[in-house]
file query24.txt (compact mmCIF, C-alpha atoms and all ligand atoms)
# COMPACT_ATOMS: atom_id res chain seq x y z
CA MET A 1447 0.00 0.00 0.00
CA LYS A 1448 1.27 3.44 -0.92
CA ASP A 1449 1.76 6.03 1.82
CA LEU A 1450 1.09 3.63 4.67
CA GLU A 1451 3.16 5.71 7.07
CA GLN A 1452 1.33 8.88 6.17
CA LYS A 1453 -2.03 7.17 6.57
CA ILE A 1454 -1.02 5.85 9.97
CA GLU A 1455 -0.24 9.44 11.01
CA THR A 1456 -3.73 10.51 9.87
CA LEU A 1457 -5.22 7.56 11.74
CA LYS A 1458 -3.32 8.56 14.89
CA GLY A 1459 -4.93 11.98 14.58
CA TYR A 1460 -8.38 10.41 14.70
CA LEU A 1461 -7.50 8.11 17.58
CA THR A 1462 -5.76 10.49 19.98
CA GLY A 1463 -7.41 12.85 22.43
CA THR A 1464 -10.63 11.98 24.20
CA PRO A 1465 -11.89 8.37 24.02
CA LYS A 1466 -14.19 7.84 21.05
CA ARG A 1467 -17.21 5.68 20.50
CA ILE A 1468 -16.26 3.37 17.67
CA ALA A 1469 -18.25 0.90 15.58
CA VAL A 1470 -16.35 -1.83 13.72
CA LEU A 1471 -18.46 -3.17 10.88
CA ALA A 1472 -17.92 -6.22 8.70
CA HIS A 1473 -19.84 -7.51 5.70
CA THR A 1474 -23.02 -9.56 5.31
CA ASN A 1475 -22.46 -13.32 5.57
CA PRO A 1476 -19.35 -12.61 7.63
CA ASP A 1477 -16.51 -15.05 7.00
CA GLY A 1478 -13.34 -15.89 8.90
CA ASP A 1479 -11.52 -12.80 7.67
CA ALA A 1480 -14.42 -10.43 8.41
CA ILE A 1481 -14.77 -11.72 11.97
CA GLY A 1482 -11.07 -12.33 12.60
CA SER A 1483 -9.99 -8.86 11.48
CA SER A 1484 -12.86 -7.20 13.41
CA LEU A 1485 -12.09 -8.94 16.70
CA ALA A 1486 -8.38 -8.17 16.51
CA TRP A 1487 -8.90 -4.56 15.41
CA ALA A 1488 -11.41 -4.01 18.23
CA LYS A 1489 -8.72 -5.12 20.69
CA VAL A 1490 -6.25 -2.61 19.30
CA LEU A 1491 -8.80 0.21 19.57
CA ARG A 1492 -9.75 -0.80 23.14
CA PHE A 1493 -6.06 -0.84 24.06
CA LEU A 1494 -5.98 2.80 22.90
CA GLY A 1495 -8.81 3.58 25.34
CA HIS A 1496 -11.83 3.68 23.03
CA GLU A 1497 -15.29 2.24 23.49
CA VAL A 1498 -15.65 -0.29 20.70
CA THR A 1499 -18.57 -2.36 19.41
CA CYS A 1500 -18.31 -4.91 16.59
CA LEU A 1501 -21.32 -5.27 14.30
CA VAL A 1502 -22.29 -7.65 11.52
CA PRO A 1503 -25.51 -7.56 9.47
CA ASN A 1504 -26.34 -11.26 9.88
CA LYS A 1505 -25.15 -14.32 11.75
CA TYR A 1506 -21.65 -15.73 11.30
CA PRO A 1507 -21.29 -19.44 10.45
CA GLY A 1508 -21.14 -21.98 13.28
CA PHE A 1509 -17.51 -22.92 12.61
CA LEU A 1510 -16.48 -19.47 13.90
CA ALA A 1511 -18.59 -19.57 17.08
CA TRP A 1512 -15.62 -20.67 19.23
CA MET A 1513 -13.65 -17.48 18.50
CA PRO A 1514 -12.82 -15.53 21.67
CA GLY A 1515 -14.90 -12.35 21.89
CA ILE A 1516 -17.40 -13.33 19.19
CA GLU A 1517 -20.17 -13.46 21.81
CA ASN A 1518 -19.97 -9.65 22.03
CA VAL A 1519 -20.37 -9.08 18.30
CA ILE A 1520 -23.81 -7.59 17.64
CA VAL A 1521 -25.75 -9.36 14.89
CA ALA A 1522 -28.04 -6.68 13.43
CA LYS A 1523 -30.60 -9.17 12.18
CA GLU A 1524 -31.12 -10.36 15.76
CA ALA A 1525 -30.76 -7.01 17.56
CA ASN A 1526 -31.66 -4.38 15.02
CA GLU A 1527 -32.43 -1.49 17.39
CA LEU A 1528 -29.22 -1.99 19.30
CA ALA A 1529 -27.22 -2.14 16.07
CA GLU A 1530 -28.81 1.07 14.78
CA GLN A 1531 -28.14 2.78 18.11
CA VAL A 1532 -24.45 1.84 17.94
CA ILE A 1533 -24.25 3.35 14.45
CA ASP A 1534 -26.11 6.51 15.42
CA ASP A 1535 -23.84 7.04 18.45
CA ALA A 1536 -20.55 6.31 16.70
CA ASP A 1537 -17.87 9.00 16.36
CA ILE A 1538 -15.86 6.73 14.08
CA ILE A 1539 -16.99 3.79 11.95
CA PHE A 1540 -14.44 1.30 10.65
CA PHE A 1541 -15.45 -0.73 7.60
CA LEU A 1542 -13.59 -4.04 7.52
CA ASP A 1543 -13.27 -6.57 4.71
CA PHE A 1544 -15.66 -4.94 2.23
CA ASN A 1545 -15.84 -1.53 0.59
CA GLN A 1546 -19.35 -1.07 -0.76
CA ILE A 1547 -21.72 0.22 1.89
CA ASP A 1548 -24.65 -1.44 0.10
CA ARG A 1549 -23.20 -4.80 1.08
CA LEU A 1550 -24.41 -4.05 4.62
CA GLU A 1551 -27.96 -4.65 3.36
CA ASN A 1552 -30.34 -3.90 6.25
CA LEU A 1553 -27.81 -1.54 7.87
CA SER A 1554 -26.86 0.43 4.74
CA ARG A 1555 -29.48 3.12 5.12
CA HIS A 1556 -28.58 3.79 8.73
CA ILE A 1557 -24.93 4.17 7.84
CA LYS A 1558 -25.74 6.59 5.06
CA ASP A 1559 -27.91 8.62 7.45
CA ASN A 1560 -25.10 8.99 9.98
CA THR A 1561 -23.16 11.82 8.43
CA LYS A 1562 -21.24 12.85 11.55
CA ALA A 1563 -19.09 9.75 12.01
CA VAL A 1564 -15.63 9.58 10.47
CA ARG A 1565 -15.57 6.62 8.05
CA ILE A 1566 -12.40 4.60 7.77
CA LEU A 1567 -11.90 1.65 5.44
CA ILE A 1568 -9.59 -1.32 6.05
CA ASP A 1569 -10.06 -3.70 3.17
CA HIS A 1570 -8.48 -5.76 0.39
CA HIS A 1571 -11.24 -5.80 -2.25
CA LEU A 1572 -10.86 -4.14 -5.63
CA ASN A 1573 -12.20 -0.70 -6.56
CA PRO A 1574 -13.08 1.03 -3.29
CA PRO A 1575 -15.44 4.01 -3.73
CA THR A 1576 -12.93 6.53 -2.38
CA GLU A 1577 -15.45 9.35 -1.94
CA GLU A 1578 -17.30 7.35 0.75
CA TYR A 1579 -14.41 7.34 3.22
CA SER A 1580 -12.33 9.90 5.12
CA LEU A 1581 -9.38 7.52 5.20
CA LEU A 1582 -8.71 4.36 3.21
CA PHE A 1583 -6.42 1.48 4.02
CA SER A 1584 -7.19 -0.37 0.80
CA ASP A 1585 -4.80 -2.98 -0.53
CA PRO A 1586 -6.10 -5.49 -3.10
CA THR A 1587 -2.68 -7.15 -3.07
CA SER A 1588 -3.12 -8.12 0.58
CA CYS A 1589 -4.23 -11.75 0.99
CA SER A 1590 -6.71 -10.76 3.69
CA THR A 1591 -7.98 -7.87 5.77
CA SER A 1592 -6.52 -9.61 8.81
CA TYR A 1593 -3.01 -9.27 7.38
CA LEU A 1594 -3.71 -5.57 6.76
CA VAL A 1595 -4.79 -5.16 10.39
CA TYR A 1596 -1.53 -6.83 11.42
CA ARG A 1597 0.54 -4.42 9.33
CA ILE A 1598 -1.36 -1.33 10.46
CA THR A 1599 -1.08 -2.35 14.11
CA GLU A 1600 2.64 -3.01 13.74
CA GLN A 1601 3.13 0.66 12.86
CA LEU A 1602 0.36 2.19 14.98
CA THR A 1603 1.04 0.69 18.39
CA GLY A 1604 3.51 -2.13 17.88
CA LEU A 1605 2.59 -5.80 18.01
CA GLU A 1606 2.71 -5.87 21.83
CA VAL A 1607 -1.03 -5.11 21.87
CA PHE A 1608 -1.81 -8.51 20.38
CA ASP A 1609 -2.35 -11.26 22.94
CA ARG A 1610 -2.79 -14.93 22.00
CA GLU A 1611 -6.51 -14.49 21.36
CA ALA A 1612 -5.99 -11.57 18.95
CA ALA A 1613 -3.30 -13.60 17.19
CA GLU A 1614 -5.78 -16.49 16.84
CA SER A 1615 -8.35 -14.14 15.30
CA LEU A 1616 -5.84 -12.86 12.75
CA TYR A 1617 -4.67 -16.36 11.93
CA VAL A 1618 -8.26 -17.48 11.26
CA GLY A 1619 -8.69 -14.56 8.85
CA ILE A 1620 -5.43 -15.26 7.03
CA MET A 1621 -5.94 -19.03 6.92
CA THR A 1622 -9.51 -18.88 5.59
CA ASP A 1623 -8.95 -16.09 3.03
CA THR A 1624 -5.86 -17.77 1.58
CA GLY A 1625 -7.57 -21.19 1.40
CA ASN A 1626 -5.03 -22.51 3.90
CA PHE A 1627 -2.14 -20.74 2.18
CA SER A 1628 -2.94 -21.84 -1.35
CA PHE A 1629 -4.32 -18.73 -3.11
CA SER A 1630 -2.61 -15.57 -4.38
CA PHE A 1631 -0.63 -12.95 -2.50
CA LEU A 1632 1.45 -15.32 -0.38
CA THR A 1633 4.34 -12.97 0.27
CA PRO A 1634 7.42 -13.32 2.46
CA GLY A 1635 5.93 -10.57 4.63
CA LEU A 1636 2.81 -12.65 5.19
CA PHE A 1637 4.81 -15.63 6.41
CA ARG A 1638 6.84 -13.35 8.68
CA ALA A 1639 3.53 -12.12 10.11
CA VAL A 1640 2.39 -15.71 10.65
CA ALA A 1641 5.68 -16.34 12.45
CA GLY A 1642 4.80 -13.36 14.65
CA LEU A 1643 1.41 -14.91 15.40
CA ILE A 1644 3.05 -18.23 16.32
CA GLU A 1645 5.29 -16.31 18.72
CA LYS A 1646 2.08 -15.17 20.45
CA GLY A 1647 1.36 -18.82 21.24
CA ILE A 1648 -1.32 -19.79 18.70
CA ASP A 1649 -1.93 -23.51 18.16
CA ILE A 1650 -2.31 -23.95 14.39
CA PRO A 1651 -3.50 -27.59 14.31
CA ALA A 1652 -6.14 -26.78 16.94
CA ILE A 1653 -7.40 -23.72 14.99
CA ASN A 1654 -7.41 -25.70 11.76
CA SER A 1655 -9.45 -28.43 13.36
CA LYS A 1656 -11.97 -26.02 14.94
CA VAL A 1657 -12.56 -24.23 11.63
CA TYR A 1658 -12.40 -27.05 9.08
CA ASN A 1659 -13.43 -30.16 11.01
CA SER A 1660 -16.55 -28.88 12.72
CA TYR A 1661 -19.24 -29.65 10.16
CA SER A 1662 -22.56 -31.30 10.81
CA GLU A 1663 -23.32 -34.66 9.25
CA GLY A 1664 -25.94 -32.89 7.12
CA ARG A 1665 -23.38 -30.54 5.59
CA VAL A 1666 -21.06 -33.38 4.58
CA ARG A 1667 -23.96 -35.34 3.06
CA LEU A 1668 -25.21 -32.20 1.29
CA LEU A 1669 -21.75 -31.81 -0.25
CA GLY A 1670 -21.92 -35.41 -1.51
CA TYR A 1671 -25.35 -34.78 -3.01
CA VAL A 1672 -24.23 -31.54 -4.63
CA LEU A 1673 -21.15 -33.04 -6.29
CA LEU A 1674 -22.95 -36.16 -7.48
CA ASN A 1675 -26.26 -34.69 -8.62
CA LYS A 1676 -25.97 -30.94 -8.95
CA MET A 1677 -22.65 -30.05 -10.51
CA ARG A 1678 -23.02 -29.14 -14.20
CA MET A 1679 -20.10 -28.87 -16.59
CA ILE A 1680 -20.30 -26.24 -19.34
CA GLU A 1681 -18.06 -24.63 -21.96
CA ASN A 1682 -16.43 -27.98 -22.85
CA GLY A 1683 -15.45 -28.60 -19.26
CA ARG A 1684 -13.76 -25.24 -18.84
CA ALA A 1685 -16.42 -24.15 -16.35
CA ALA A 1686 -18.85 -25.73 -13.91
CA TYR A 1687 -21.71 -24.57 -11.73
CA ILE A 1688 -23.96 -25.69 -8.93
CA ALA A 1689 -27.49 -24.34 -8.34
CA LEU A 1690 -29.08 -25.26 -5.02
CA LYS A 1691 -32.73 -24.73 -4.18
CA GLU A 1692 -34.09 -24.03 -0.72
CA ASN A 1693 -36.03 -27.31 -0.51
CA GLU A 1694 -32.89 -29.30 -1.34
CA MET A 1695 -30.99 -27.60 1.45
CA ARG A 1696 -33.82 -28.25 3.90
CA ARG A 1697 -33.61 -31.98 3.17
CA PHE A 1698 -30.13 -31.94 4.67
CA ASP A 1699 -31.07 -29.86 7.71
CA PHE A 1700 -29.23 -26.86 6.27
CA GLN A 1701 -27.59 -24.40 8.70
CA VAL A 1702 -26.24 -20.95 7.81
CA GLY A 1703 -22.79 -21.33 6.31
CA ASP A 1704 -23.25 -24.99 5.33
CA SER A 1705 -22.75 -24.31 1.63
CA GLU A 1706 -19.62 -22.22 2.29
CA GLY A 1707 -16.74 -23.57 0.23
CA PHE A 1708 -18.80 -25.81 -2.09
CA VAL A 1709 -17.97 -23.50 -4.99
CA ASN A 1710 -14.30 -24.45 -4.72
CA TYR A 1711 -14.77 -28.16 -5.43
CA PRO A 1712 -15.37 -27.96 -9.23
CA LEU A 1713 -12.05 -26.09 -9.50
CA SER A 1714 -10.25 -29.24 -8.39
CA ILE A 1715 -11.09 -30.72 -11.82
CA ALA A 1716 -8.09 -30.19 -14.11
CA SER A 1717 -10.01 -28.59 -16.99
CA VAL A 1718 -12.15 -26.21 -14.91
CA GLN A 1719 -11.04 -22.58 -14.95
CA MET A 1720 -14.16 -21.04 -13.43
CA SER A 1721 -16.81 -22.23 -11.01
CA ALA A 1722 -20.12 -20.71 -9.93
CA MET A 1723 -22.63 -21.49 -7.23
CA PHE A 1724 -26.22 -20.28 -6.95
CA ILE A 1725 -27.96 -20.50 -3.59
CA GLU A 1726 -31.66 -19.80 -3.36
CA THR A 1727 -32.64 -17.72 -0.32
CA HIS A 1728 -36.11 -16.36 0.36
CA LYS A 1729 -35.11 -12.89 -0.87
CA PHE A 1730 -32.72 -13.45 -3.78
CA ILE A 1731 -30.23 -15.83 -5.35
CA ARG A 1732 -26.83 -15.55 -3.73
CA ILE A 1733 -24.05 -16.15 -6.23
CA SER A 1734 -20.41 -17.08 -5.73
CA PHE A 1735 -17.73 -17.22 -8.40
CA ARG A 1736 -14.25 -18.73 -8.24
CA SER A 1737 -11.58 -18.99 -10.90
CA ARG A 1738 -7.93 -19.64 -11.40
CA GLY A 1739 -5.20 -17.89 -13.29
CA ASP A 1740 -6.17 -15.08 -15.61
CA VAL A 1741 -9.93 -15.65 -15.62
CA ASP A 1742 -11.21 -12.55 -13.84
CA VAL A 1743 -14.47 -13.30 -12.04
CA SER A 1744 -14.65 -9.85 -10.42
CA LEU A 1745 -15.15 -8.44 -13.95
CA PHE A 1746 -17.70 -11.15 -14.72
CA ALA A 1747 -19.62 -10.56 -11.47
CA ALA A 1748 -19.69 -6.80 -12.04
CA LYS A 1749 -20.72 -7.04 -15.68
CA TYR A 1750 -23.49 -9.62 -15.38
CA PHE A 1751 -24.59 -9.85 -11.76
CA ASN A 1752 -24.07 -6.43 -10.21
CA GLY A 1753 -21.40 -7.82 -7.91
CA GLY A 1754 -17.65 -7.79 -7.49
CA GLY A 1755 -14.86 -8.95 -5.21
CA HIS A 1756 -11.45 -10.27 -6.18
CA LYS A 1757 -10.03 -11.50 -9.47
CA ASN A 1758 -10.30 -15.17 -8.44
CA ALA A 1759 -13.16 -14.96 -5.90
CA SER A 1760 -16.25 -12.83 -6.36
CA GLY A 1761 -19.92 -12.74 -5.68
CA GLY A 1762 -23.18 -11.16 -6.70
CA LYS A 1763 -26.94 -11.38 -6.42
CA SER A 1764 -29.89 -12.03 -8.67
CA TYR A 1765 -33.53 -11.20 -8.07
CA ASP A 1766 -34.73 -13.55 -10.85
CA THR A 1767 -35.77 -17.12 -10.13
CA ILE A 1768 -32.96 -19.62 -9.87
CA GLU A 1769 -33.90 -21.10 -13.27
CA LYS A 1770 -33.84 -17.69 -14.93
CA THR A 1771 -30.59 -16.80 -13.18
CA VAL A 1772 -28.88 -19.96 -14.39
CA GLU A 1773 -30.15 -19.36 -17.92
CA ARG A 1774 -28.72 -15.83 -17.82
CA PHE A 1775 -25.48 -17.19 -16.44
CA GLU A 1776 -25.07 -19.76 -19.22
CA LYS A 1777 -25.60 -17.05 -21.85
CA ALA A 1778 -23.14 -14.76 -20.12
CA MET A 1779 -20.58 -17.57 -19.94
CA ALA A 1780 -20.82 -18.25 -23.65
CA GLU A 1781 -20.03 -14.57 -24.20
CA PHE A 1782 -17.33 -14.44 -21.52
CA PHE A 1783 -15.48 -17.50 -22.79
CA ARG A 1784 -15.65 -16.39 -26.39
CA PRO A 1785 -12.15 -15.31 -27.51
CA GLY A 1786 -11.78 -11.54 -27.41
CA PRO A 1787 -9.64 -9.25 -25.30
CA GLU A 1788 -12.58 -7.29 -23.86
CA ASN A 1789 -13.87 -10.46 -22.16
CA ARG A 1790 -10.75 -11.19 -20.18
P1 LIG B 1801 -18.33 -15.43 -1.38
O1 LIG B 1801 -18.51 -16.23 -2.63
O2 LIG B 1801 -17.37 -16.10 -0.45
O3 LIG B 1801 -19.62 -15.03 -0.77
O4 LIG B 1801 -17.66 -14.08 -1.83
C1 LIG B 1801 -16.46 -14.06 -2.56
C2 LIG B 1801 -15.92 -12.68 -2.65
O5 LIG B 1801 -16.80 -11.84 -3.40
C3 LIG B 1801 -15.78 -12.02 -1.30
O6 LIG B 1801 -14.53 -11.40 -1.27
C4 LIG B 1801 -16.88 -11.03 -1.22
O7 LIG B 1801 -16.50 -9.92 -0.52
C5 LIG B 1801 -17.21 -10.72 -2.66
N1 LIG B 1801 -18.67 -10.59 -2.83
C6 LIG B 1801 -19.61 -11.50 -2.53
N2 LIG B 1801 -20.86 -11.07 -2.82
C7 LIG B 1801 -20.71 -9.82 -3.32
C8 LIG B 1801 -21.63 -8.82 -3.82
O8 LIG B 1801 -22.85 -8.99 -3.85
N3 LIG B 1801 -21.07 -7.65 -4.26
C9 LIG B 1801 -19.73 -7.43 -4.25
N4 LIG B 1801 -19.27 -6.25 -4.70
N5 LIG B 1801 -18.85 -8.33 -3.80
C10 LIG B 1801 -19.30 -9.52 -3.34
MN MN B 1802 -11.31 -10.93 3.20

call {"tool": "encode", "arguments": {"input": "query24.txt", "output": "structure tokens"}}
result
Amino acid sequence: MKDLEQKIETLKGYLTGTPKRIAVLAHTNPDGDAIGSSLAWAKVLRFLGHEVTCLVPNKYPGFLAWMPGIENVIVAKEANELAEQVIDDADIIFFLDFNQIDRLENLSRHIKDNTKAVRILIDHHLNPPTEEYSLLFSDPTSCSTSYLVYRITEQLTGLEVFDREAAESLYVGIMTDTGNFSFSFLTPGLFRAVAGLIEKGIDIPAINSKVYNSYSEGRVRLLGYVLLNKMRMIENGRAAYIALKENEMRRFDFQVGDSEGFVNYPLSIASVQMSAMFIETHKFIRISFRSRGDVDVSLFAAKYFNGGGHKNASGGKSYDTIEKTVERFEKAMAEFFRPGPENR
């Protein structure tokens, strides 16, 4: 990130003086990085004497429920008034692991109405809307927001403020967003940071087991069903998709977060360069895209499904039926995979 030192000085300006009321917000369908970076950043801010509340629009998946401090994260869907009060009262709002305020769904309006709070972004997604924030720590070449929080903290206060629990939170964010250290942006600096987290006493096998080996029987059987019966290959095997309907998920006693990660499986087939998953919810179709190499799914998501994200991992939404959405997707894919520089 350019000008990190200068930005840290600006941040210090906001964080010195009288204690502030601070809201730390992460995105809808919060994942390991959203929660991990929020919990660790909240600790840093509390160390500096501020009153800090972490907020998420809806519930985090069960495999994160063990994380220390998560019990104090306010889930707006379950405590809407309280969440709105926190936003109204905030002097500073930090936006972690997303950059488009609309991704806060039910909370977006309240955020937009609070014009007094200073808005600060800490995020690694592409194309932040710069005019929305007073200060941006935006680095799309960072593997995760948690690694960004690590680097900012290193310069802001020093790493002494991180205890073992904060280090665990950051490790969860880094581990989940890098697909257990297998995606892009695996830099020497990242591994030095992980070494720093190990020095804080984190137990990597234990964290790995709590996050990845904590599924219900239903989720594992649903995965089997999805791969056997629901995965469709298209574009001569260069792409694959999965479309899951609500009634199918109910058959397997579906819990929030159970379909997380399914979209990655088709990419383990040698020929597949891009994978998509469509999940029917009662409001809209939630879409996930994954790709490898040069296939840019953030462009695809933005162009066809009003979404975005990263080059190799993006998402979007559709308000059509799942059948219509899939039909649109197949058409878009035929266009996207057609040779031509504007489609890559
Ligand atoms: P996931 O498939 O795990 O839900 O999301 C993959 C990536 O795409 C994440 O980095 C997420 O932030 C981004 N993403 C997911 N849904 C949306 C969306 O509706 N709009 C935008 N701009 N990004 C999204
Ligand atoms: Mn992230």

call {"tool": "atom_distance", "arguments": {"input": "query24.txt", "atom1": "CA of Val1666 (chain A)", "atom2": "CA of Asp1704 (chain A)"}}
result
8.7 Å

call {"tool": "residues_near_ligand", "arguments": {"input": "query24.txt", "ligand": "ligand MN 1802 (chain B)", "cutoff": "6 Å", "atoms": "all atoms listed in the file", "output": "number ranges by chain"}}
result
A: 1479, 1543, 1590-1591, 1623

call {"tool": "closest_residue", "arguments": {"input": "query24.txt", "among": "A:Thr1599, A:Glu1451, A:Thr1587, A:Leu1461", "to": "Ala1486 (chain A)", "atoms": "all atoms listed in the file"}}
result
A:Thr1599

call {"tool": "closest_atom_pairs", "arguments": {"input": "query24.txt", "of": "chain A", "to": "ligand LIG 1801 (chain B)", "cutoff": "8 Å", "atoms": "all atoms listed in the file", "output": "tab-separated table"}}
result
residue	atom	partner	partner_atom	distance
A:His1473	CA	B:LIG1801	O7	7.5
A:Asn1475	CA	B:LIG1801	O3	7.2
A:Asp1477	CA	B:LIG1801	O2	7.6
A:Asp1543	CA	B:LIG1801	O7	7.0
A:Phe1544	CA	B:LIG1801	O7	5.8
A:Asn1545	CA	B:LIG1801	N4	7.9
A:Gln1546	CA	B:LIG1801	N4	6.5
A:Arg1549	CA	B:LIG1801	N3	6.4
A:His1571	CA	B:LIG1801	O6	6.6
A:Glu1706	CA	B:LIG1801	O2	7.1
A:Gly1707	CA	B:LIG1801	O2	7.5
A:Val1709	CA	B:LIG1801	O1	7.7
A:Arg1732	CA	B:LIG1801	N2	7.5
A:Ile1733	CA	B:LIG1801	O1	6.6
A:Ser1734	CA	B:LIG1801	O1	3.7
A:Phe1735	CA	B:LIG1801	O1	5.9
A:Arg1736	CA	B:LIG1801	O1	7.5
A:Ser1744	CA	B:LIG1801	O5	7.6
A:Ala1747	CA	B:LIG1801	C9	7.9
A:Ala1748	CA	B:LIG1801	N4	7.4
A:Asn1752	CA	B:LIG1801	N3	6.8
A:Gly1753	CA	B:LIG1801	N3	3.7
A:Gly1754	CA	B:LIG1801	N4	3.6
A:Gly1755	CA	B:LIG1801	C5	3.9
A:His1756	CA	B:LIG1801	O6	5.9
A:Ala1759	CA	B:LIG1801	C1	4.8
A:Ser1760	CA	B:LIG1801	O5	3.2
A:Gly1761	CA	B:LIG1801	C6	3.4
A:Gly1762	CA	B:LIG1801	O8	3.6
A:Lys1763	CA	B:LIG1801	O8	5.4

call {"tool": "atom_distance", "arguments": {"input": "query24.txt", "atom1": "CA of Gly1482 (chain A)", "atom2": "CA of Met1447 (chain A)"}}
result
20.8 Å

call {"tool": "residues_around", "arguments": {"input": "query24.txt", "residues": "Met1679 (chain A)", "least_positions_apart": "4", "cutoff": "10 Å", "atoms": "all atoms listed in the file", "output": "list in words"}}
result
Gly1683, Arg1684, Ala1685, Ala1686, Tyr1687, Ile1688, Pro1712, Val1718 and Ser1721 of chain A

call {"tool": "closest_residue", "arguments": {"input": "query24.txt", "among": "A:Val1470, A:Ile1481, A:Val1595, A:Met1513", "to": "Cys1500 (chain A)", "atoms": "only C-alpha atoms"}}
result
A:Val1470
